[in-house]
Amino acid sequence: MSLEFVAEVWDALRSHIDLNDRTDAADSLVNLLIDNNYEADDIKSAFRGEKEVLSALKDYLEQHDIEEDYEDYD
């Protein structure tokens, strides 16, 4: 499945996810994508402008000591 399609699904569903639950939903999405062998750079590119997902990706990378350029996530 393409990340662009996943990003479209996220965009369509995001407004239906309670604001307080979006961070957890984004964390779950990022973990699922990483577990299915999607690369962090590809996720970052596909979800450009999606604050919750990029923040979840940054947190994931920090927790797993994966070096990335964090400036692009802020």
# chains A, B, ... in the order shown; residues from 1 in each chain; ligands from 1
>>> residues_around(residues="A:Leu57", least_positions_apart="2", cutoff="8 Å", atoms="only C-alpha atoms", output="list in words")
Asp27, Val30, Ala40, Lys44, Val53, Leu54, Ser55, Asp59, Tyr60 and Leu61 of chain A
>>> residues_around(residues="A:Leu29", least_positions_apart="2", cutoff="10 Å", atoms="only C-alpha atoms", output="PyMOL selection string")
chain A and resi 6+10+23-27+31-35+53+56-57
>>> select_by_dssp(residues="chain A", states="helix (DSSP H, G or I)", output="PyMOL selection string")
chain A and resi 3-14+19-35+40-46+51-63+70-73
>>> closest_residue(among="A:Glu4, A:Asp21, A:Gln63, A:Lys58", to="A:Ala46", atoms="only C-alpha atoms")
A:Glu4
>>> residues_around(residues="A:Met1", least_positions_apart="5", cutoff="12 Å", atoms="only C-alpha atoms", output="number ranges by chain")
A: 6-9, 33, 36-38
>>> atom_distance(atom1="atom CA of A:Glu50", atom2="atom CA of A:Arg14")
9.9 Å
>>> atom_distance(atom1="atom CA of A:Ser2", atom2="atom CA of A:Leu19")
26.0 Å
